[in-house]
>>> print(open('final.cif').read())   # mmCIF, C-alpha atoms
data_my_file
loop_
_atom_site.label_atom_id
_atom_site.label_comp_id
_atom_site.auth_asym_id
_atom_site.auth_seq_id
_atom_site.Cartn_x
_atom_site.Cartn_y
_atom_site.Cartn_z
CA MET A 1 -17.73 -64.33 32.66
CA PRO A 2 -20.02 -61.62 31.28
CA ARG A 3 -19.13 -60.36 27.82
CA LYS A 4 -18.54 -56.74 28.95
CA ARG A 5 -16.15 -57.78 31.72
CA ARG A 6 -14.22 -60.02 29.35
CA SER A 7 -13.95 -57.33 26.69
CA THR A 8 -12.75 -54.76 29.27
CA LYS A 9 -10.06 -57.13 30.53
CA SER A 10 -9.14 -58.00 26.93
CA ARG A 11 -8.88 -54.31 26.08
CA ILE A 12 -6.49 -53.73 28.98
CA ILE A 13 -4.34 -56.74 27.99
CA LYS A 14 -4.21 -55.72 24.34
CA ALA A 15 -3.33 -52.11 25.20
CA ALA A 16 -0.62 -53.23 27.64
CA TRP A 17 1.08 -55.59 25.21
CA ASN A 18 0.95 -53.00 22.41
CA LEU A 19 2.65 -50.50 24.72
CA PHE A 20 5.19 -53.09 25.91
CA TYR A 21 6.07 -53.74 22.26
CA LYS A 22 6.29 -50.06 21.28
CA ASN A 23 7.86 -48.55 24.40
CA GLY A 24 9.34 -51.51 26.24
CA TYR A 25 8.09 -52.97 29.49
CA ASP A 26 10.17 -50.70 31.74
CA ASN A 27 9.06 -47.55 29.89
CA THR A 28 5.35 -48.40 30.14
CA THR A 29 3.45 -47.26 33.21
CA VAL A 30 0.11 -48.37 34.60
CA GLU A 31 -1.14 -44.88 33.75
CA ASP A 32 -0.11 -45.40 30.11
CA ILE A 33 -2.04 -48.69 30.03
CA ILE A 34 -5.12 -47.09 31.61
CA ALA A 35 -5.08 -44.27 29.04
CA ALA A 36 -4.52 -46.59 26.06
CA SER A 37 -7.25 -49.01 27.17
CA LYS A 38 -9.68 -46.15 27.94
CA THR A 39 -10.40 -47.54 31.40
CA SER A 40 -10.13 -46.17 34.91
CA LYS A 41 -7.55 -46.85 37.60
CA GLY A 42 -10.20 -48.74 39.60
CA THR A 43 -11.08 -50.90 36.61
CA PHE A 44 -7.43 -51.67 35.94
CA TYR A 45 -6.81 -52.73 39.55
CA HIS A 46 -10.03 -54.77 39.55
CA TYR A 47 -8.42 -57.09 36.99
CA PHE A 48 -4.69 -56.76 37.77
CA LYS A 49 -2.64 -56.17 40.93
CA GLY A 50 -0.13 -54.18 38.91
CA LYS A 51 1.87 -54.08 35.70
CA GLU A 52 3.75 -57.28 36.62
CA ALA A 53 0.47 -59.23 36.69
CA LEU A 54 0.08 -58.52 32.98
CA LEU A 55 3.14 -60.61 32.13
CA ASN A 56 1.15 -63.80 32.67
CA SER A 57 -1.61 -62.49 30.40
CA LEU A 58 0.28 -63.20 27.17
CA SER A 59 -1.65 -66.45 26.72
CA ASP A 60 -4.86 -64.34 26.95
CA LEU A 61 -3.53 -62.19 24.11
CA PHE A 62 -2.90 -65.33 22.06
CA ASP A 63 -6.42 -66.57 22.78
CA GLN A 64 -7.88 -63.19 21.76
CA LYS A 65 -6.17 -63.62 18.39
CA TYR A 66 -7.60 -67.12 18.04
CA GLU A 67 -11.10 -65.86 18.90
CA GLU A 68 -10.77 -63.18 16.21
CA LEU A 69 -9.68 -65.84 13.71
CA ALA A 70 -12.54 -68.16 14.73
CA ALA A 71 -14.98 -65.47 13.64
CA THR A 72 -13.39 -65.09 10.19
CA ILE A 73 -12.00 -68.48 9.17
CA ASP A 74 -13.69 -70.36 6.32
CA PRO A 75 -15.55 -73.24 8.04
CA ASP A 76 -15.15 -75.38 4.89
CA MET A 77 -11.35 -75.18 5.00
CA CYS A 78 -9.83 -78.62 5.63
CA PRO A 79 -8.33 -79.19 9.12
CA TYR A 80 -4.76 -79.38 7.77
CA ASP A 81 -5.10 -75.95 6.13
CA LYS A 82 -6.87 -74.51 9.20
CA LEU A 83 -3.90 -75.43 11.39
CA LEU A 84 -1.45 -73.94 8.89
CA PHE A 85 -3.52 -70.75 8.73
CA LEU A 86 -3.94 -70.41 12.50
CA ASN A 87 -0.25 -70.96 13.17
CA HIS A 88 0.77 -68.48 10.46
CA GLU A 89 -1.58 -65.78 11.75
CA LEU A 90 -0.65 -66.25 15.42
CA PHE A 91 3.09 -66.31 14.76
CA HIS A 92 2.82 -63.26 12.50
CA MET A 93 0.99 -61.42 15.30
CA ILE A 94 3.66 -62.48 17.81
CA GLU A 95 6.52 -61.52 15.52
CA THR A 96 5.09 -58.08 14.79
CA SER A 97 3.56 -57.08 18.14
CA VAL A 98 5.07 -58.99 21.08
CA ASP A 99 8.30 -57.87 22.69
CA ILE A 100 10.71 -60.80 22.36
CA HIS A 101 12.32 -60.10 25.75
CA LEU A 102 8.95 -60.33 27.48
CA LEU A 103 8.20 -63.55 25.63
CA ALA A 104 11.51 -64.95 26.89
CA PHE A 105 10.67 -63.75 30.42
CA LEU A 106 7.25 -65.42 30.26
CA TYR A 107 8.76 -68.70 29.10
CA SER A 108 11.34 -68.68 31.88
CA SER A 109 8.73 -67.76 34.50
CA GLN A 110 6.52 -70.65 33.39
CA LEU A 111 9.31 -73.04 34.42
CA THR A 112 9.60 -71.68 37.94
CA THR A 113 6.12 -70.46 38.88
CA LYS A 114 4.12 -72.26 41.54
CA ASP A 115 0.97 -70.63 40.15
CA LYS A 116 -1.07 -71.84 37.21
CA LYS A 117 1.08 -72.27 34.11
CA SER A 118 -0.90 -70.18 31.63
CA LEU A 119 0.80 -71.51 28.49
CA SER A 120 -0.15 -75.12 29.27
CA ASP A 121 -3.66 -74.50 30.61
CA ASN A 122 -5.80 -76.87 28.55
CA LYS A 123 -8.95 -74.87 29.41
CA ARG A 124 -7.74 -72.05 27.17
CA PHE A 125 -9.64 -71.31 23.96
CA TYR A 126 -6.49 -72.27 22.02
CA PHE A 127 -6.47 -75.84 23.34
CA ARG A 128 -10.23 -76.31 22.97
CA TRP A 129 -10.38 -75.01 19.38
CA VAL A 130 -7.24 -76.72 18.06
CA SER A 131 -8.36 -79.98 19.72
CA GLU A 132 -11.71 -79.63 17.96
CA ILE A 133 -9.94 -79.15 14.59
CA ILE A 134 -7.70 -82.17 15.23
CA ASN A 135 -10.67 -84.27 16.30
CA ASP A 136 -12.50 -83.31 13.09
CA ALA A 137 -9.43 -84.38 11.10
CA LEU A 138 -9.33 -87.75 12.88
CA GLU A 139 -13.06 -88.35 12.36
CA SER A 140 -12.91 -87.40 8.66
CA GLY A 141 -9.81 -89.53 8.07
CA ASP A 142 -7.66 -86.51 7.16
CA PHE A 143 -5.34 -87.53 10.03
CA ASN A 144 -4.47 -91.15 10.72
CA ASN A 145 -6.22 -92.42 13.85
CA THR A 146 -3.12 -94.13 15.24
CA SER A 147 -3.07 -91.34 17.87
CA SER A 148 -5.74 -89.68 19.96
CA THR A 149 -6.84 -86.06 19.73
CA GLU A 150 -5.08 -85.39 23.02
CA GLU A 151 -1.80 -86.91 21.81
CA LEU A 152 -1.82 -84.90 18.58
CA MET A 153 -2.80 -81.73 20.45
CA ASN A 154 0.17 -82.24 22.77
CA ILE A 155 2.54 -82.63 19.80
CA TYR A 156 1.12 -79.57 18.04
CA ALA A 157 1.36 -77.39 21.19
CA MET A 158 4.87 -78.69 21.89
CA TYR A 159 5.91 -77.79 18.33
CA GLU A 160 4.61 -74.23 18.73
CA ARG A 161 6.17 -73.74 22.19
CA ALA A 162 9.51 -75.12 20.97
CA LEU A 163 9.62 -72.79 17.98
CA LEU A 164 8.67 -69.78 20.12
CA TYR A 165 11.35 -70.76 22.63
CA ASP A 166 14.00 -71.02 19.89
CA TRP A 167 12.93 -67.71 18.38
CA ALA A 168 13.31 -66.04 21.79
CA LEU A 169 16.56 -67.90 22.52
CA PHE A 170 18.10 -66.63 19.27
CA LYS A 171 16.67 -63.14 19.89
CA GLY A 172 14.56 -63.10 16.73
CA LYS A 173 17.47 -63.67 14.32
CA PHE A 174 15.12 -65.60 12.03
CA SER A 175 11.56 -64.95 10.92
CA LEU A 176 9.27 -66.89 13.24
CA THR A 177 6.46 -66.91 10.69
CA LYS A 178 8.55 -67.98 7.69
CA HIS A 179 10.36 -70.64 9.71
CA SER A 180 7.10 -72.13 10.91
CA ASP A 181 5.50 -71.90 7.45
CA ARG A 182 8.36 -74.12 6.26
CA LEU A 183 8.40 -76.59 9.18
CA LEU A 184 4.79 -77.06 10.27
CA PRO A 185 3.75 -78.98 7.12
CA HIS A 186 6.25 -81.71 8.11
CA VAL A 187 4.58 -82.04 11.53
CA LEU A 188 1.10 -82.14 9.97
CA ASP A 189 2.26 -84.66 7.32
CA MET A 190 3.21 -86.90 10.23
CA PHE A 191 -0.36 -86.53 11.54
CA VAL A 192 -1.67 -87.56 8.10
CA LYS A 193 0.58 -90.66 7.91
CA GLY A 194 0.22 -91.57 11.56
CA VAL A 195 2.39 -91.01 14.58
#
>>> encode(input="final.cif", output="structure tokens")
Amino acid sequence: MPRKRRSTKSRIIKAAWNLFYKNGYDNTTVEDIIAASKTSKGTFYHYFKGKEALLNSLSDLFDQKYEELAATIDPDMCPYDKLLFLNHELFHMIETSVDIHLLAFLYSSQLTTKDKKSLSDNKRFYFRWVSEIINDALESGDFNNTSSTEELMNIYAMYERALLYDWALFKGKFSLTKHSDRLLPHVLDMFVKGV
């Protein structure tokens, strides 16, 4: 996909989710999204059939955050610390800019949709980059090679989905970021010792 097209679509997604968070999904119109993303009606409808189509774009928003982090992360940081950092930054972004009701809706729709399940699409930037970090950890010996990259990636993704699900289930009654900062080291320690 050409860079300009991707950035236009990304701009629409980012604007939409910011408005959903600030004003609520029901109080956000397509016109609001068009104005906030500085696009035209034709451009909006080129990428999305309507406002509802944006609900499945949350995984794109997550990947945008990961792409931003990829450009700024210290390449010399050890894999363990990279995963802690990425999780902290993503969960902080979710906690402070994603409407929890829409997150819950997305999770429930992923269970019933016949379409592509965006949260588990292993072609996403998230899966490719985290798998690369895990693979580096296995090759360097930072993680025990009793499991494959794919197995550890599945555990890591399952951990993140489970915590997001719980956070939505309990309607944000705990800090997603602080909770994960406390729990994720136990998961990663298991990767170090061997699964």
>>> residues_around(input="final.cif", residues="stretch 58-67 of chain A", least_positions_apart="6", cutoff="9 Å", atoms="only C-alpha atoms", output="PyMOL selection string")
chain A and resi 10+13-14+17+86+89-90+93-94+98+103+106+118-119+124-126+129
>>> resolve_selection(input="final.cif", expression="the PyMOL selection byres ((chain A and resi 141-149) around 8)", output="PyMOL selection string")
chain A and resi 79-80+131+134-135+137-140+150-153+191-195
>>> atom_distance(input="final.cif", atom1="atom CA of A:Gly24", atom2="atom CA of A:His101")
9.1 Å
>>> atom_distance(input="final.cif", atom1="atom CA of A:Ala16", atom2="atom CA of A:Ala104")
16.9 Å
>>> atom_distance(input="final.cif", atom1="atom CA of A:Lys49", atom2="atom CA of A:Arg11")
16.2 Å
>>> closest_residue(input="final.cif", among="A:Met77, A:Val130, A:Leu188, A:Leu19", to="A:Leu54", atoms="all atoms listed in the file")
A:Leu19
>>> residues_around(input="final.cif", residues="stretch 177-184 of chain A", least_positions_apart="3", cutoff="10 Å", atoms="only C-alpha atoms", output="ChimeraX atom specification")
/A:83-85,87-96,156,159-160,163-164,167,174,187-190
>>> write_last_selection(input="final.cif", atoms="C-alpha atoms", output="PDB file, keeping the file's coordinate frame")
ATOM      1  CA  LEU A  83      -3.900 -75.430  11.390  1.00  0.00           C
ATOM      2  CA  LEU A  84      -1.450 -73.940   8.890  1.00  0.00           C
ATOM      3  CA  PHE A  85      -3.520 -70.750   8.730  1.00  0.00           C
ATOM      4  CA  ASN A  87      -0.250 -70.960  13.170  1.00  0.00           C
ATOM      5  CA  HIS A  88       0.770 -68.480  10.460  1.00  0.00           C
ATOM      6  CA  GLU A  89      -1.580 -65.780  11.750  1.00  0.00           C
ATOM      7  CA  LEU A  90      -0.650 -66.250  15.420  1.00  0.00           C
ATOM      8  CA  PHE A  91       3.090 -66.310  14.760  1.00  0.00           C
ATOM      9  CA  HIS A  92       2.820 -63.260  12.500  1.00  0.00           C
ATOM     10  CA  MET A  93       0.990 -61.420  15.300  1.00  0.00           C
ATOM     11  CA  ILE A  94       3.660 -62.480  17.810  1.00  0.00           C
ATOM     12  CA  GLU A  95       6.520 -61.520  15.520  1.00  0.00           C
ATOM     13  CA  THR A  96       5.090 -58.080  14.790  1.00  0.00           C
ATOM     14  CA  TYR A 156       1.120 -79.570  18.040  1.00  0.00           C
ATOM     15  CA  TYR A 159       5.910 -77.790  18.330  1.00  0.00           C
ATOM     16  CA  GLU A 160       4.610 -74.230  18.730  1.00  0.00           C
ATOM     17  CA  LEU A 163       9.620 -72.790  17.980  1.00  0.00           C
ATOM     18  CA  LEU A 164       8.670 -69.780  20.120  1.00  0.00           C
ATOM     19  CA  TRP A 167      12.930 -67.710  18.380  1.00  0.00           C
ATOM     20  CA  PHE A 174      15.120 -65.600  12.030  1.00  0.00           C
ATOM     21  CA  VAL A 187       4.580 -82.040  11.530  1.00  0.00           C
ATOM     22  CA  LEU A 188       1.100 -82.140   9.970  1.00  0.00           C
ATOM     23  CA  ASP A 189       2.260 -84.660   7.320  1.00  0.00           C
ATOM     24  CA  MET A 190       3.210 -86.900  10.230  1.00  0.00           C
TER      25      MET A 190
END
>>> resolve_selection(input="final.cif", expression="the PyMOL selection byres ((chain A and resi 34-40) around 6)", output="JSON, numbers by chain")
{"A": [11, 12, 15, 31, 32, 33, 41, 42, 43]}
>>> write_last_selection(input="final.cif", atoms="C-alpha atoms", output="mmCIF file, keeping the file's coordinate frame")
data_model
loop_
_atom_site.group_PDB
_atom_site.id
_atom_site.type_symbol
_atom_site.label_atom_id
_atom_site.label_comp_id
_atom_site.auth_asym_id
_atom_site.auth_seq_id
_atom_site.Cartn_x
_atom_site.Cartn_y
_atom_site.Cartn_z
ATOM 1 C CA ARG A 11 -8.880 -54.310 26.080
ATOM 2 C CA ILE A 12 -6.490 -53.730 28.980
ATOM 3 C CA ALA A 15 -3.330 -52.110 25.200
ATOM 4 C CA GLU A 31 -1.140 -44.880 33.750
ATOM 5 C CA ASP A 32 -0.110 -45.400 30.110
ATOM 6 C CA ILE A 33 -2.040 -48.690 30.030
ATOM 7 C CA LYS A 41 -7.550 -46.850 37.600
ATOM 8 C CA GLY A 42 -10.200 -48.740 39.600
ATOM 9 C CA THR A 43 -11.080 -50.900 36.610
#
>>> closest_residue(input="final.cif", among="A:Ala162, A:Leu176, A:Val30, A:Leu169", to="A:Ala53", atoms="only C-alpha atoms")
A:Val30
>>> axis_aligned_box(input="final.cif", around="stretch 92-111 of chain A", padding_each_side="8 Å", output="AutoDock Vina command-line options")
--center_x 6.7 --center_y -65.1 --center_z 23.5 --size_x 27.3 --size_y 32.0 --size_z 38.0
